Structures are given as C-alpha cells and as structure tokens.
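Inspection log for the structure reproduced underneath, given as structure tokens.
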Amino acid sequence: MATGWLHTARFLTTAPQLHFLPELDVPEIAFVGRSNAGKSTCINTLTQQKQLAFASKKPGRTQHINLFALGKQGLTDAVLTDLPGYGYAAVPKQDKIRWQQVMANYLVTRKNLTAIVLMCDPRHGMTELDEILLDVIRPRVEEGLKFLIILTKADKLTRSEQAKILSITKLQAGGGEVMLFSATKRQGIEDVSKLLWQWAHPTTTETAAAPEAAQ
C-alpha cells in the first residue's frame, strides 16, 4: 500500500520564494539535505519515477521549492516537498545566505508541514549544516513534527560500518527516526515508504491499530 501510494507522485508546482507556495490543508512531507547527499535519487527511487526530482549537474543550482502531489485516483491526500540542496561550496555566499533564510522560514512557518526527511551521506556523517537544520526544527519537533534521517548510499559501506553509523546517527537524531537507504541495492525503500505513509495518514494508521489492541 505505502509504496504504491508514493508511486502516485506527480508535479504540483514550483516556487522561488515561500509566498508563491499555495496554502494547503493536506499533510506535507519535506525532503532536505546537503547537495550531493543523494536527495533527488532517493525521491525518484521512492516514487519509482526517474525524472520527478531534478538533479542538477551542478549541485546547488536547483534553487526552487518543488511540490509533488500524492494520492490515488488523482485525489491529493498529501504533498511531498523537495527543498533545495544546501552547503555547496561553489554557490555565491549571498545566494547561500538567502536560501538558508528561505529554508529556515519554510521549516518554521509552513503550517501543514507534518514531517521532515533529512538526507545524509553516511560516509561523511552529520555535518554542521545538518546540525543547524535540526536546531531550527527542534521547537516544532517538540510540538509533534516528525522527522527521519535517511542515510543514503548505504551500499558504499560494509555491514559493520552501516551498523556503526546507524547507532551514531540515532544518538545525534535526538528522538527522530534513522534508516539506511540504497537506491542501487533497493535497501530501505519499503521501510521508508511505510513510515511516510503512516505519517501522512495518522488517523487511518490509528484506526487500523485499534482492533489489534482490542484483541
């Protein structure tokens, strides 16, 4: 159910600034991460669409907020948001500052934001910019905002390296979920899809769990 739901992703709109985004009342799940962390690949793998999220050949150039609608039979029951990659060295400093402000504003003020998925290359671990991002969202996390750290490119690590970075990142996550992911090896797709579906459909998930609890 969860993977099939993600396969319904379709382009909704793109915006260079927050005030161009439509106001929505469905749950919104935002994908964030450093340039080169594998964000576009992850989105395209989860949605099973090769070109849905645009991966620029020059990291840091994709500087729009892109929204994708999710839902079967053409109905929208959630939105997936692709935020621009951050931290790429070749981007001019004023552009970096402007984008950090846009992203921070989005993460702090977007009313229907339900969950944040942070991409992290496990070979480099959590960077200073990732830590700053977690600090920005912490007040909202305390109010119930969900977040997941996806350790992309897990196939580049051995089993023991995967286990080590997973436990380290869980400590750094401070209550968030952490999962290993590899587009190449098809690792983590099912688990991530299931979690995102549950976050976007909390009432459905709770209703499904209720009969089990009653038994």
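Identifiers for the structure tokens are assigned positionally: chains receive A, B, ... in sequence, residues are indexed from 1 per chain, and ligands are indexed from 1 in the order shown.
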As a short mmCIF file (atom, residue, chain, number, x, y, z; two decimals) with C-alpha atoms, in the first residue's frame, list the residues of range 128-198 of chain A assigned to alpha helix (DSSP H) by DSSP on the backbone atoms of this structure.
data_model
loop_
_atom_site.label_atom_id
_atom_site.label_comp_id
_atom_site.auth_asym_id
_atom_site.auth_seq_id
_atom_site.Cartn_x
_atom_site.Cartn_y
_atom_site.Cartn_z
CA GLU A 128 27.48 21.26 10.92
CA LEU A 129 24.77 22.42 8.49
CA ASP A 130 22.70 19.31 9.23
CA GLU A 131 23.01 20.05 12.96
CA ILE A 132 21.89 23.65 12.38
CA LEU A 133 18.86 22.39 10.47
CA LEU A 134 17.93 20.07 13.36
CA ASP A 135 18.23 23.02 15.76
CA VAL A 136 15.88 25.07 13.54
CA ILE A 137 13.18 22.38 13.58
CA ARG A 138 13.62 21.29 17.23
CA PRO A 139 10.82 23.53 18.64
CA ARG A 140 8.41 22.09 16.06
CA VAL A 141 9.60 18.53 16.77
CA GLU A 142 8.75 19.13 20.43
CA ARG A 159 27.74 -4.18 7.17
CA SER A 160 29.72 -3.21 10.27
CA GLU A 161 30.18 0.37 9.01
CA GLN A 162 26.43 0.59 8.40
CA ALA A 163 25.68 -0.59 11.94
CA LYS A 164 28.16 1.89 13.42
CA ILE A 165 26.90 4.98 11.56
CA LEU A 166 23.30 3.96 12.27
CA SER A 167 23.89 3.91 16.05
CA ILE A 168 25.92 7.16 15.97
CA THR A 169 23.23 8.98 13.95
CA LYS A 170 20.46 7.70 16.24
CA LEU A 171 22.24 9.41 19.13
CA GLN A 172 22.57 12.64 17.13
CA ALA A 173 18.96 12.49 15.92
CA ILE A 189 12.63 1.51 0.26
CA GLU A 190 9.85 -0.49 1.92
CA ASP A 191 10.61 0.80 5.45
CA VAL A 192 10.85 4.46 4.41
CA SER A 193 7.67 4.22 2.27
CA LYS A 194 5.73 2.65 5.14
CA LEU A 195 6.82 5.33 7.62
CA LEU A 196 5.94 8.21 5.27
CA TRP A 197 2.53 6.66 4.57
CA GLN A 198 1.85 6.33 8.30
#
**OP:** Would you please give, as a count of residues only, all residues of range 9-193 of chain A that DSSP assigns to strand (DSSP E or B) based on the backbone?
**Re:** 45
Original post:
In terms of the shortest atom-to-atom distance over only C-alpha atoms, which of A:Lys146, A:Lys156, A:Arg186, A:Lys50 is closest to Trp199 in chain A?
Top reply: A:Lys146
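In terms of minimum interatomic distance to Leu80 in chain A, A:Thr114 ranks closest within A:Thr184, A:Thr158, A:Thr127, A:Thr114, counting only C-alpha atoms.
Across A:Leu21, A:Met1, A:Leu180, A:Cys120, the tightest approach to His201 in chain A is made by A:Met1 when counting only C-alpha atoms.
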**OP:** For CA of Leu52 in chain A and CA of Thr13 in chain A, determine how far apart the two atoms are, in Å to one decimal place.
**Re:** 12.0 Å
**OP:** With a distance cut-off of 12 Å and only C-alpha atoms, select the neighbouring residues of Gly74 in chain A, excluding the residue or stretch itself and same-chain residues fewer than 3 positions from it, and output the selection as a count of residues only.
**Re:** 12
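What separates CA of Thr45 in chain A from CA of His124 in chain A is a distance of 21.8 Å.
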Subject >> Of the listed residues A:Met179, A:Leu118, A:Ala200, A:Ala154, that which approaches Val26 in chain A most closely, counting only C-alpha atoms >> reply: A:Ala200
Subject >> Between CA of Thr3 in chain A and CA of Pro202 in chain A - distance in Å to one decimal >> reply: 16.5 Å
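Using only C-alpha atoms, the smallest distance between any of A:Thr47, A:Asn66, A:Phe20, A:Leu145 and Lys111 in chain A comes from A:Leu145.
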**OP:** For Leu113 in chain A, work out the shell of residues within 9 Å, counting only C-alpha atoms and skipping chain neighbours fewer than 4 positions away, then give it as an MDAnalysis selection string.
**Re:** chainID A and resid 26:30 106:107 109 145
